[in-house]
Every structure is written in C-alpha cells, then in structure tokens.
>>> print(open('input03.cif').read())   # mmCIF, C-alpha atoms
data_coords
#
loop_
_atom_site.group_PDB
_atom_site.id
_atom_site.type_symbol
_atom_site.label_atom_id
_atom_site.label_comp_id
_atom_site.auth_asym_id
_atom_site.auth_seq_id
_atom_site.Cartn_x
_atom_site.Cartn_y
_atom_site.Cartn_z
ATOM 1 C CA MET X 209 13.868 -38.011 -43.974
ATOM 2 C CA LYS X 210 14.709 -41.266 -45.682
ATOM 3 C CA ARG X 211 15.134 -44.435 -43.654
ATOM 4 C CA ILE X 212 17.744 -46.914 -44.801
ATOM 5 C CA VAL X 213 18.514 -49.741 -42.387
ATOM 6 C CA GLY X 214 21.920 -49.224 -40.778
ATOM 7 C CA SER X 215 22.439 -45.622 -41.901
ATOM 8 C CA PRO X 216 23.533 -42.935 -39.384
ATOM 9 C CA GLY X 217 20.868 -41.798 -36.928
ATOM 10 C CA THR X 218 18.792 -45.030 -36.977
ATOM 11 C CA TRP X 219 18.455 -47.878 -34.452
ATOM 12 C CA GLY X 220 20.038 -50.269 -36.941
ATOM 13 C CA GLY X 221 22.959 -47.898 -37.437
ATOM 14 C CA MET X 222 23.487 -47.622 -33.694
ATOM 15 C CA ALA X 223 23.385 -51.419 -33.302
ATOM 16 C CA LEU X 224 25.965 -51.790 -36.110
ATOM 17 C CA ARG X 225 28.276 -49.219 -34.497
ATOM 18 C CA LEU X 226 28.021 -50.822 -31.062
ATOM 19 C CA SER X 227 28.770 -54.289 -32.464
ATOM 20 C CA GLN X 228 31.763 -52.838 -34.317
ATOM 21 C CA CYS X 229 33.036 -51.464 -31.001
ATOM 22 C CA VAL X 230 32.581 -54.811 -29.241
ATOM 23 C CA PHE X 231 34.283 -56.894 -31.967
ATOM 24 C CA ALA X 232 37.115 -54.386 -32.507
ATOM 25 C CA ALA X 233 37.785 -54.278 -28.749
ATOM 26 C CA ALA X 234 37.684 -58.080 -28.479
ATOM 27 C CA SER X 235 40.016 -58.508 -31.479
ATOM 28 C CA SER X 236 42.446 -55.919 -30.149
ATOM 29 C CA LEU X 237 42.441 -57.548 -26.693
ATOM 30 C CA ALA X 238 43.093 -60.990 -28.198
ATOM 31 C CA MET X 239 45.998 -59.517 -30.154
ATOM 32 C CA CYS X 240 47.455 -57.662 -27.153
ATOM 33 C CA SER X 241 47.333 -60.865 -25.069
ATOM 34 C CA ALA X 242 49.564 -62.613 -27.652
ATOM 35 C CA PHE X 243 53.220 -62.498 -26.630
ATOM 36 C CA GLY X 244 55.448 -60.358 -28.886
ATOM 37 C CA PHE X 245 52.791 -59.448 -31.447
ATOM 38 C CA SER X 246 54.354 -56.019 -32.040
ATOM 39 C CA ASN X 247 57.474 -57.662 -33.519
ATOM 40 C CA TYR X 248 55.410 -58.454 -36.617
ATOM 41 C CA SER X 249 54.482 -55.445 -38.785
ATOM 42 C CA ALA X 250 51.194 -56.964 -39.993
ATOM 43 C CA TYR X 251 49.853 -57.650 -36.492
ATOM 44 C CA PHE X 252 51.041 -54.282 -35.214
ATOM 45 C CA TYR X 253 49.323 -52.509 -38.124
ATOM 46 C CA MET X 254 46.075 -54.447 -37.624
ATOM 47 C CA ASN X 255 46.052 -53.632 -33.917
ATOM 48 C CA LEU X 256 46.538 -49.933 -34.727
ATOM 49 C CA VAL X 257 43.669 -49.978 -37.232
ATOM 50 C CA LEU X 258 41.472 -51.826 -34.718
ATOM 51 C CA ILE X 259 42.045 -49.135 -32.081
ATOM 52 C CA VAL X 260 41.230 -46.335 -34.564
ATOM 53 C CA GLN X 261 38.154 -48.325 -35.660
ATOM 54 C CA LEU X 262 37.070 -48.681 -32.016
ATOM 55 C CA LEU X 263 37.348 -44.923 -31.370
ATOM 56 C CA TRP X 264 35.554 -44.022 -34.617
ATOM 57 C CA SER X 265 32.682 -46.489 -34.024
ATOM 58 C CA LEU X 266 32.366 -45.425 -30.386
ATOM 59 C CA GLY X 267 32.093 -41.757 -31.397
ATOM 60 C CA LEU X 268 29.436 -42.478 -34.002
ATOM 61 C CA ALA X 269 27.520 -44.770 -31.634
ATOM 62 C CA CYS X 270 27.377 -41.940 -29.066
ATOM 63 C CA GLN X 271 26.192 -39.573 -31.778
ATOM 64 C CA ASP X 272 23.479 -42.019 -32.894
ATOM 65 C CA ILE X 273 22.254 -42.403 -29.306
ATOM 66 C CA PHE X 274 22.202 -38.613 -28.889
ATOM 67 C CA CYS X 275 20.256 -38.133 -32.137
ATOM 68 C CA LEU X 276 17.753 -40.890 -31.361
ATOM 69 C CA ARG X 277 17.096 -39.497 -27.854
ATOM 70 C CA ASN X 278 16.660 -35.916 -29.060
ATOM 71 C CA LYS X 279 15.005 -36.914 -32.367
ATOM 72 C CA LYS X 280 17.541 -34.910 -34.394
ATOM 73 C CA ASP X 281 18.052 -35.484 -38.111
ATOM 74 C CA LEU X 282 21.616 -36.429 -39.073
ATOM 75 C CA HIS X 283 21.000 -36.520 -42.792
ATOM 76 C CA ALA X 284 22.556 -33.229 -43.972
ATOM 77 C CA PRO X 285 24.369 -34.194 -47.217
ATOM 78 C CA GLY X 286 27.685 -32.482 -46.342
ATOM 79 C CA PHE X 287 27.952 -34.115 -42.934
ATOM 80 C CA LEU X 288 26.787 -37.472 -44.288
ATOM 81 C CA PHE X 289 29.390 -37.316 -47.048
ATOM 82 C CA PHE X 290 32.109 -36.796 -44.436
ATOM 83 C CA ILE X 291 30.939 -39.823 -42.406
ATOM 84 C CA VAL X 292 30.602 -42.065 -45.480
ATOM 85 C CA PHE X 293 34.056 -41.040 -46.758
ATOM 86 C CA ILE X 294 35.790 -41.846 -43.457
ATOM 87 C CA ASP X 295 33.727 -45.057 -43.231
ATOM 88 C CA TRP X 296 35.019 -46.221 -46.603
ATOM 89 C CA VAL X 297 38.612 -45.335 -45.747
ATOM 90 C CA MET X 298 38.273 -47.252 -42.456
ATOM 91 C CA ALA X 299 36.722 -50.249 -44.241
ATOM 92 C CA ILE X 300 39.622 -50.359 -46.727
ATOM 93 C CA PHE X 301 42.268 -50.059 -43.956
ATOM 94 C CA MET X 302 40.466 -52.700 -41.891
ATOM 95 C CA PHE X 303 40.367 -55.090 -44.859
ATOM 96 C CA ALA X 304 44.056 -54.479 -45.581
ATOM 97 C CA GLY X 305 44.932 -55.192 -41.933
ATOM 98 C CA PHE X 306 42.821 -58.333 -41.887
ATOM 99 C CA CYS X 307 44.355 -59.691 -45.124
ATOM 100 C CA ALA X 308 47.906 -58.938 -43.979
ATOM 101 C CA SER X 309 47.393 -60.624 -40.591
ATOM 102 C CA ALA X 310 45.526 -63.576 -42.067
ATOM 103 C CA SER X 311 48.355 -64.124 -44.561
ATOM 104 C CA LEU X 312 50.977 -64.107 -41.788
ATOM 105 C CA THR X 313 48.888 -66.452 -39.617
ATOM 106 C CA ILE X 314 48.485 -68.907 -42.525
ATOM 107 C CA PHE X 315 52.243 -68.662 -43.097
ATOM 108 C CA PHE X 316 52.926 -69.588 -39.447
ATOM 109 C CA MET X 317 50.299 -72.329 -39.187
ATOM 110 C CA LYS X 318 50.197 -73.977 -42.591
ATOM 111 C CA ASP X 319 53.216 -73.065 -44.713
ATOM 112 C CA MET X 320 55.930 -73.390 -42.087
ATOM 113 C CA ASN X 321 54.300 -75.298 -39.192
ATOM 114 C CA PHE X 322 55.919 -72.811 -36.782
ATOM 115 C CA CYS X 323 52.939 -73.167 -34.432
ATOM 116 C CA THR X 324 53.685 -76.812 -33.617
ATOM 117 C CA GLU X 325 57.459 -76.237 -33.502
ATOM 118 C CA TYR X 326 57.551 -73.091 -31.369
ATOM 119 C CA SER X 327 55.068 -73.278 -28.524
ATOM 120 C CA ARG X 328 55.791 -69.668 -27.480
ATOM 121 C CA LEU X 329 54.198 -68.414 -30.691
ATOM 122 C CA ALA X 330 50.627 -67.466 -29.699
ATOM 123 C CA CYS X 331 48.910 -68.904 -32.772
ATOM 124 C CA SER X 332 45.497 -69.397 -31.163
ATOM 125 C CA GLN X 333 45.335 -65.731 -30.112
ATOM 126 C CA PHE X 334 46.429 -64.635 -33.584
ATOM 127 C CA THR X 335 43.715 -66.780 -35.203
ATOM 128 C CA LEU X 336 41.058 -65.520 -32.790
ATOM 129 C CA SER X 337 42.067 -61.901 -33.348
ATOM 130 C CA VAL X 338 42.039 -62.277 -37.152
ATOM 131 C CA THR X 339 38.584 -63.919 -37.078
ATOM 132 C CA LEU X 340 37.165 -61.132 -34.896
ATOM 133 C CA ALA X 341 38.791 -58.510 -37.149
ATOM 134 C CA PHE X 342 37.054 -60.108 -40.136
ATOM 135 C CA ILE X 343 33.661 -59.780 -38.396
ATOM 136 C CA THR X 344 34.503 -56.138 -37.536
ATOM 137 C CA TRP X 345 35.278 -55.522 -41.202
ATOM 138 C CA LEU X 346 31.962 -57.104 -42.295
ATOM 139 C CA LEU X 347 30.041 -54.842 -39.898
ATOM 140 C CA GLN X 348 32.042 -51.805 -41.032
ATOM 141 C CA ALA X 349 31.326 -52.668 -44.676
ATOM 142 C CA ALA X 350 27.594 -52.884 -43.867
ATOM 143 C CA SER X 351 27.716 -49.396 -42.278
ATOM 144 C CA SER X 352 29.642 -47.980 -45.251
ATOM 145 C CA PHE X 353 27.209 -49.410 -47.803
ATOM 146 C CA SER X 354 24.052 -48.245 -46.057
ATOM 147 C CA GLY X 355 25.548 -44.745 -45.666
ATOM 148 C CA PHE X 356 26.573 -44.767 -49.316
ATOM 149 C CA TRP X 357 23.069 -45.791 -50.474
ATOM 150 C CA LEU X 358 21.585 -42.997 -48.396
ATOM 151 C CA LEU X 359 24.011 -40.553 -50.012
ATOM 152 C CA VAL X 360 23.210 -41.844 -53.534
ATOM 153 C CA SER X 361 19.465 -41.552 -52.842
ATOM 154 C CA PHE X 362 19.913 -37.774 -52.319
ATOM 155 C CA PHE X 363 20.923 -37.254 -55.954
ATOM 156 C CA MET V 102 24.679 -43.028 -74.782
ATOM 157 C CA LYS V 103 26.556 -41.559 -71.838
ATOM 158 C CA ARG V 104 30.322 -41.206 -71.955
ATOM 159 C CA ILE V 105 32.234 -41.736 -68.740
ATOM 160 C CA VAL V 106 36.021 -41.938 -69.070
ATOM 161 C CA GLY V 107 37.216 -45.511 -68.566
ATOM 162 C CA SER V 108 33.801 -47.193 -68.780
ATOM 163 C CA PRO V 109 33.257 -50.253 -71.033
ATOM 164 C CA GLY V 110 33.141 -49.540 -74.769
ATOM 165 C CA THR V 111 35.292 -46.361 -74.687
ATOM 166 C CA TRP V 112 38.909 -45.714 -75.721
ATOM 167 C CA GLY V 113 39.780 -44.926 -72.092
ATOM 168 C CA GLY V 114 38.203 -48.197 -70.979
ATOM 169 C CA MET V 115 40.184 -50.147 -73.561
ATOM 170 C CA ALA V 116 43.433 -48.440 -72.511
ATOM 171 C CA LEU V 117 42.722 -49.304 -68.851
ATOM 172 C CA ARG V 118 42.023 -52.965 -69.713
ATOM 173 C CA LEU V 119 45.170 -53.280 -71.809
ATOM 174 C CA SER V 120 47.346 -51.746 -69.072
ATOM 175 C CA GLN V 121 45.765 -54.143 -66.547
ATOM 176 C CA CYS V 122 46.782 -57.037 -68.828
ATOM 177 C CA VAL V 123 50.343 -55.760 -69.144
ATOM 178 C CA PHE V 124 50.859 -55.161 -65.410
ATOM 179 C CA ALA V 125 49.132 -58.395 -64.358
ATOM 180 C CA ALA V 126 51.288 -60.385 -66.809
ATOM 181 C CA ALA V 127 54.466 -58.630 -65.660
ATOM 182 C CA SER V 128 53.619 -59.194 -61.986
ATOM 183 C CA SER V 129 52.790 -62.848 -62.580
ATOM 184 C CA LEU V 130 56.026 -63.369 -64.552
ATOM 185 C CA ALA V 131 58.083 -61.727 -61.792
ATOM 186 C CA MET V 132 56.417 -64.047 -59.262
ATOM 187 C CA CYS V 133 56.908 -67.180 -61.379
ATOM 188 C CA SER V 134 60.608 -66.369 -61.805
ATOM 189 C CA ALA V 135 61.036 -66.397 -58.002
ATOM 190 C CA PHE V 136 62.280 -69.765 -56.745
ATOM 191 C CA GLY V 137 59.760 -71.706 -54.629
ATOM 192 C CA PHE V 138 57.057 -69.037 -54.545
ATOM 193 C CA SER V 139 54.306 -71.692 -54.509
ATOM 194 C CA ASN V 140 55.447 -72.878 -51.061
ATOM 195 C CA TYR V 141 53.921 -69.698 -49.622
ATOM 196 C CA SER V 142 50.095 -69.552 -49.645
ATOM 197 C CA ALA V 143 49.972 -65.757 -50.001
ATOM 198 C CA TYR V 144 52.188 -65.656 -53.105
ATOM 199 C CA PHE V 145 50.431 -68.654 -54.645
ATOM 200 C CA TYR V 146 47.035 -67.020 -54.094
ATOM 201 C CA MET V 147 48.202 -63.694 -55.545
ATOM 202 C CA ASN V 148 49.592 -65.422 -58.624
ATOM 203 C CA LEU V 149 46.283 -67.238 -59.124
ATOM 204 C CA VAL V 150 44.324 -63.983 -58.833
ATOM 205 C CA LEU V 151 46.759 -62.279 -61.246
ATOM 206 C CA ILE V 152 46.165 -64.961 -63.882
ATOM 207 C CA VAL V 153 42.365 -64.702 -63.526
ATOM 208 C CA GLN V 154 42.712 -60.890 -63.688
ATOM 209 C CA LEU V 155 44.811 -61.205 -66.858
ATOM 210 C CA LEU V 156 42.198 -63.404 -68.573
ATOM 211 C CA TRP V 157 39.291 -61.189 -67.492
ATOM 212 C CA SER V 158 41.008 -57.955 -68.616
ATOM 213 C CA LEU V 159 42.102 -59.536 -71.898
ATOM 214 C CA GLY V 160 38.540 -60.645 -72.650
ATOM 215 C CA LEU V 161 37.108 -57.210 -71.915
ATOM 216 C CA ALA V 162 39.873 -55.476 -73.912
ATOM 217 C CA CYS V 163 38.996 -57.638 -76.953
ATOM 218 C CA GLN V 164 35.331 -56.782 -76.457
ATOM 219 C CA ASP V 165 36.115 -53.046 -76.225
ATOM 220 C CA ILE V 166 38.166 -53.210 -79.425
ATOM 221 C CA PHE V 167 35.336 -55.086 -81.191
ATOM 222 C CA CYS V 168 32.729 -52.543 -80.015
ATOM 223 C CA LEU V 169 34.858 -49.539 -80.970
ATOM 224 C CA ARG V 170 35.557 -50.943 -84.460
ATOM 225 C CA ASN V 171 31.909 -51.833 -85.116
ATOM 226 C CA LYS V 172 30.541 -48.807 -83.214
ATOM 227 C CA LYS V 173 28.338 -51.022 -81.018
ATOM 228 C CA ASP V 174 26.829 -49.790 -77.783
ATOM 229 C CA LEU V 175 27.797 -51.836 -74.715
ATOM 230 C CA HIS V 176 25.670 -49.927 -72.257
ATOM 231 C CA ALA V 177 22.693 -52.280 -71.755
ATOM 232 C CA PRO V 178 22.040 -52.078 -67.972
ATOM 233 C CA GLY V 179 21.838 -55.861 -67.411
ATOM 234 C CA PHE V 180 25.108 -56.586 -69.192
ATOM 235 C CA LEU V 181 26.810 -53.577 -67.593
ATOM 236 C CA PHE V 182 25.687 -54.725 -64.152
ATOM 237 C CA PHE V 183 27.294 -58.126 -64.778
ATOM 238 C CA ILE V 184 30.617 -56.534 -65.826
ATOM 239 C CA VAL V 185 30.643 -54.085 -62.888
ATOM 240 C CA PHE V 186 29.818 -56.858 -60.407
ATOM 241 C CA ILE V 187 32.665 -59.108 -61.600
ATOM 242 C CA ASP V 188 34.956 -56.045 -61.727
ATOM 243 C CA TRP V 189 34.281 -55.291 -58.058
ATOM 244 C CA VAL V 190 34.805 -58.896 -57.025
ATOM 245 C CA MET V 191 38.100 -58.950 -58.971
ATOM 246 C CA ALA V 192 39.189 -55.650 -57.389
ATOM 247 C CA ILE V 193 38.501 -57.019 -53.883
ATOM 248 C CA PHE V 194 40.344 -60.313 -54.589
ATOM 249 C CA MET V 195 43.248 -58.402 -56.145
ATOM 250 C CA PHE V 196 43.502 -56.104 -53.107
ATOM 251 C CA ALA V 197 43.377 -59.099 -50.755
ATOM 252 C CA GLY V 198 46.161 -60.809 -52.714
ATOM 253 C CA PHE V 199 48.269 -57.671 -52.756
ATOM 254 C CA CYS V 200 47.882 -57.084 -48.991
ATOM 255 C CA ALA V 201 48.642 -60.709 -48.151
ATOM 256 C CA SER V 202 51.786 -60.769 -50.330
ATOM 257 C CA ALA V 203 52.956 -57.353 -49.171
ATOM 258 C CA SER V 204 52.589 -58.448 -45.542
ATOM 259 C CA LEU V 205 54.659 -61.594 -46.158
ATOM 260 C CA THR V 206 57.334 -59.632 -48.063
ATOM 261 C CA ILE V 207 57.602 -57.087 -45.225
ATOM 262 C CA PHE V 208 57.864 -60.015 -42.792
ATOM 263 C CA PHE V 209 60.785 -61.479 -44.777
ATOM 264 C CA MET V 210 62.579 -58.192 -45.407
ATOM 265 C CA LYS V 211 62.003 -56.079 -42.326
ATOM 266 C CA ASP V 212 60.705 -58.136 -39.417
ATOM 267 C CA MET V 213 63.003 -61.159 -39.732
ATOM 268 C CA ASN V 214 65.794 -60.033 -42.071
ATOM 269 C CA PHE V 215 65.472 -63.369 -43.887
ATOM 270 C CA CYS V 216 66.468 -61.680 -47.166
ATOM 271 C CA THR V 217 69.998 -60.877 -46.010
ATOM 272 C CA GLU V 218 70.397 -64.238 -44.214
ATOM 273 C CA TYR V 219 69.063 -66.566 -46.918
ATOM 274 C CA SER V 220 70.279 -65.526 -50.336
ATOM 275 C CA ARG V 221 68.109 -68.179 -52.060
ATOM 276 C CA LEU V 222 64.978 -66.293 -50.999
ATOM 277 C CA ALA V 223 64.017 -64.223 -54.086
ATOM 278 C CA CYS V 224 63.098 -61.052 -52.214
ATOM 279 C CA SER V 225 63.691 -58.672 -55.119
ATOM 280 C CA GLN V 226 61.311 -60.649 -57.365
ATOM 281 C CA PHE V 227 58.706 -60.743 -54.585
ATOM 282 C CA THR V 228 58.970 -56.955 -54.095
ATOM 283 C CA LEU V 229 58.741 -56.297 -57.836
ATOM 284 C CA SER V 230 55.741 -58.573 -58.200
ATOM 285 C CA VAL V 231 53.916 -56.982 -55.245
ATOM 286 C CA THR V 232 54.561 -53.466 -56.616
ATOM 287 C CA LEU V 233 53.238 -54.427 -60.055
ATOM 288 C CA ALA V 234 50.211 -56.122 -58.448
ATOM 289 C CA PHE V 235 49.479 -52.874 -56.606
ATOM 290 C CA ILE V 236 49.483 -50.945 -59.911
ATOM 291 C CA THR V 237 47.201 -53.624 -61.430
ATOM 292 C CA TRP V 238 44.817 -53.179 -58.495
ATOM 293 C CA LEU V 239 44.808 -49.368 -58.937
ATOM 294 C CA LEU V 240 43.906 -49.766 -62.631
ATOM 295 C CA GLN V 241 41.249 -52.366 -61.808
ATOM 296 C CA ALA V 242 39.774 -50.028 -59.166
ATOM 297 C CA ALA V 243 39.618 -47.229 -61.769
ATOM 298 C CA SER V 244 37.723 -49.533 -64.174
ATOM 299 C CA SER V 245 35.338 -50.636 -61.422
ATOM 300 C CA PHE V 246 34.564 -47.088 -60.336
ATOM 301 C CA SER V 247 33.926 -45.730 -63.827
ATOM 302 C CA GLY V 248 31.643 -48.710 -64.575
ATOM 303 C CA PHE V 249 29.840 -48.167 -61.285
ATOM 304 C CA TRP V 250 29.297 -44.455 -61.990
ATOM 305 C CA LEU V 251 27.875 -45.304 -65.401
ATOM 306 C CA LEU V 252 25.519 -47.800 -63.731
ATOM 307 C CA VAL V 253 24.429 -45.253 -61.082
ATOM 308 C CA SER V 254 23.796 -42.636 -63.789
ATOM 309 C CA PHE V 255 21.140 -44.959 -65.314
ATOM 310 C CA PHE V 256 18.930 -44.649 -62.232
#
>>> encode(input="input03.cif", output="structure tokens")
Amino acid sequence: MKRIVGSPGTWGGMALRLSQCVFAAASSLAMCSAFGFSNYSAYFYMNLVLIVQLLWSLGLACQDIFCLRNKKDLHAPGFLFFIVFIDWVMAIFMFAGFCASASLTIFFMKDMNFCTEYSRLACSQFTLSVTLAFITWLLQAASSFSGFWLLVSFF
Amino acid sequence: MKRIVGSPGTWGGMALRLSQCVFAAASSLAMCSAFGFSNYSAYFYMNLVLIVQLLWSLGLACQDIFCLRNKKDLHAPGFLFFIVFIDWVMAIFMFAGFCASASLTIFFMKDMNFCTEYSRLACSQFTLSVTLAFITWLLQAASSFSGFWLLVSFF
C-alpha cells in the first residue's frame, strides 16, 4: 500500500478532511449570520456549495477514522477513482463559488462603496465568509491533488 | 514521439490555440465595447486575463505552425512542463475571471434588475463577453489537459 500524505485512509487525509469540515462550517455560519444573503445569487450558491462540501468532507472524515481504527486499506483503484472524481468536481464548484462571492464583495466594498453608504449590508460577514471559503478551497485542492497522485501512481 | 490530440506541436493543438485566440479576442472586444466596463473590478480583471490569454495562445499557435512546417519535435519534457504549467495557471485565472464576471452579470440582470432600470448599463455586451470567455476557458482547459496527459505519459 502506497503512502501519499493527505490521501484517503491516512492520518494526513483525515486531518485535511476535518479541517475542511471546520472551515466550511465556519464560512457557512458567517454567511448565514449576514442579513439577506440569499437575495444575492452568488452568496446563495456559495452557501449551498459549502453545505455540500461540509457533508462530503464529514463523510470522508468518518470513513478515514473507521479505516485507521480497523487498519483497512482504502486504496482499491475503482473506489479511489470515485472519490478523486467527486473531489475534483467539489474543488471546481468551491472555486467557482469563492470567485463569484469575492467578485460581488469587491463590487460592494470597492467599486460602489455600498458598505459605507448602507450600514445594513453585512460586508464584514461577507468578507469573513469569503476568506474562510478560500481556505476551504485550498484544503479541498490539497485533498484532490494527493488523491490524484495516488491514482496516477497506480498506472 | 507520442501523439495526443490537442497537445503542443500537433494539428489539433494548433486548431485549439487558434480558436482560443479568436474567442478571447471576440470576448475582449465585446467587453471593450461596453460603456464603463473598467469601473467594475471583475470585468476589468477578466478583460486583462483575456488579453494575456490572447497573447499566450497566439504565441503558441505561431510555434505550432513553425514546428508543423519544419517537422520539429516539441516534446522535450522540460519545455513541455513549462508550457503545461503556464497553461494550467492561465486556465485557473481564466476560470476565476469568468466566474467573477458571470456573478456580477447575474447580480445586475437577475438579483437587482438593474438592466431594465438603467438602459446605459451594457448588459447584452457583458453577457456576450462572459459567454465567449466561458468558451475560451473550455478550449484552454482542453489544451491544458492534453498537455498534462502527454507529460504524464513520459513517466
């Protein structure tokens, strides 16, 4: 069994998944605490992706813990391919959500100065949520790459 | 010499690069014809990325044409790695620009109905430009993937 840091069924992989859960949950909470976020398509979409990301990472974290406790090998190519594929799709969706929300936040804060004009607009929560979503994406990208390298090393 | 459709130094690769040039130029022109696009960070950023994409694709198209005419082999691993690396970076920047602009366009058109209220806002040009940028990104992703597969097949 090959060992690549951060791949499924390793301690590093479990740590990555758990941090993804924490950051996705924190980002989603920051977004939900912002008044009227669901009026904006970009924020609504990012929140949706964050919740899916949270569930996916939580599931895989549980699986990693189970495999590490029972010393099972997760590295069957078919199963690994499935995980890596979904990981890549999630990473792309997460990046799209982050870019869309970041663009809207920059529009509010810099282009139009809406944040200083309208105090009801929860700009600080938006900024916090976008920053946390970016960290979630970085962690997700790390998981995707390590899984992909493991898959490539089979061939 | 391995032949992977769309990789550097092949007819498919040249066709991909030329179509990237055409779509990037068309998207950039559509954006530049929209009044006041540079007031919005997302559109300004996408236009900048489109111009860099245009120059990069044009350079590689010229190189492909030169190699095909003189029957030179482009597949030295070091050089190929450089091209694939820049290709991936360009693909990521292009996707970020597309997502940011699409999010802002959806905000104008759907969330706020600014397009019907303010007739000076060039929503149709924005939509056209974003659609063309998406096609450019798809073509750039195809180039990146075929180059990457060629690189993986060396190891």
>>> residues_near_point(input="input03.cif", point="(40.7, -57.3, -60.0)", cutoff="8 Å", atoms="only C-alpha atoms", output="list in words")
Val150, Leu151, Gln154, Asp188, Trp189, Val190, Met191, Ala192, Ile193, Phe194, Met195, Phe196, Thr237, Trp238, Gln241 and Ala242 of chain V
>>> interface_residues(input="input03.cif", of="chain X", to="chain V", cutoff="7 Å", atoms="all atoms listed in the file", output="PyMOL selection string")
chain X and resi 247-250+304+307-308+311-312+315+319
>>> write_last_selection(input="input03.cif", atoms="C-alpha atoms", output="PDB file, keeping the file's coordinate frame")
ATOM      1  CA  ASN X 247      57.474 -57.662 -33.519  1.00  0.00           C
ATOM      2  CA  TYR X 248      55.410 -58.454 -36.617  1.00  0.00           C
ATOM      3  CA  SER X 249      54.482 -55.445 -38.785  1.00  0.00           C
ATOM      4  CA  ALA X 250      51.194 -56.964 -39.993  1.00  0.00           C
ATOM      5  CA  ALA X 304      44.056 -54.479 -45.581  1.00  0.00           C
ATOM      6  CA  CYS X 307      44.355 -59.691 -45.124  1.00  0.00           C
ATOM      7  CA  ALA X 308      47.906 -58.938 -43.979  1.00  0.00           C
ATOM      8  CA  SER X 311      48.355 -64.124 -44.561  1.00  0.00           C
ATOM      9  CA  LEU X 312      50.977 -64.107 -41.788  1.00  0.00           C
ATOM     10  CA  PHE X 315      52.243 -68.662 -43.097  1.00  0.00           C
ATOM     11  CA  ASP X 319      53.216 -73.065 -44.713  1.00  0.00           C
TER      12      ASP X 319
END
>>> closest_residue(input="input03.cif", among="V:Met132, V:Val185, V:Ile105, V:Val123", to="V:Ser225", atoms="only C-alpha atoms")
V:Met132
>>> resolve_selection(input="input03.cif", expression="the PyMOL selection byres ((chain V and resi 168-175) around 12)", output="count of residues only")
30
>>> atom_distance(input="input03.cif", atom1="atom CA of X:Arg328", atom2="atom CA of V:Gly137")
27.5 Å
>>> residues_around(input="input03.cif", residues="V:Leu156", least_positions_apart="4", cutoff="8 Å", atoms="only C-alpha atoms", output="VMD selection string")
chain V and resid 122 152 160
>>> atom_distance(input="input03.cif", atom1="atom CA of V:Ser247", atom2="atom CA of V:Val106")
6.8 Å
>>> atom_distance(input="input03.cif", atom1="atom CA of X:Ser265", atom2="atom CA of X:Gln228")
6.4 Å
>>> resolve_selection(input="input03.cif", expression="the PyMOL selection byres ((chain V and resi 127) around 12)", output="list of chain:residue names")
V:Ser120, V:Gln121, V:Cys122, V:Val123, V:Phe124, V:Ala125, V:Ala126, V:Ser128, V:Ser129, V:Leu130, V:Ala131, V:Met132, V:Cys133, V:Ser134, V:Asn148, V:Leu151, V:Ile152, V:Leu155, V:Gln226, V:Leu229, V:Ser230, V:Val231, V:Thr232, V:Leu233, V:Ala234, V:Phe235, V:Ile236, V:Thr237
>>> axis_aligned_box(input="input03.cif", around="stretch 183-196 of chain V", padding_each_side="8 Å", output="AutoDock Vina command-line options")
--center_x 35.4 --center_y -57.2 --center_z -59.5 --size_x 32.2 --size_y 22.2 --size_z 28.7
>>> closest_residue(input="input03.cif", among="V:Phe255, V:Phe227, V:Trp250, V:Phe209", to="V:Phe136", atoms="all atoms listed in the file")
V:Phe227
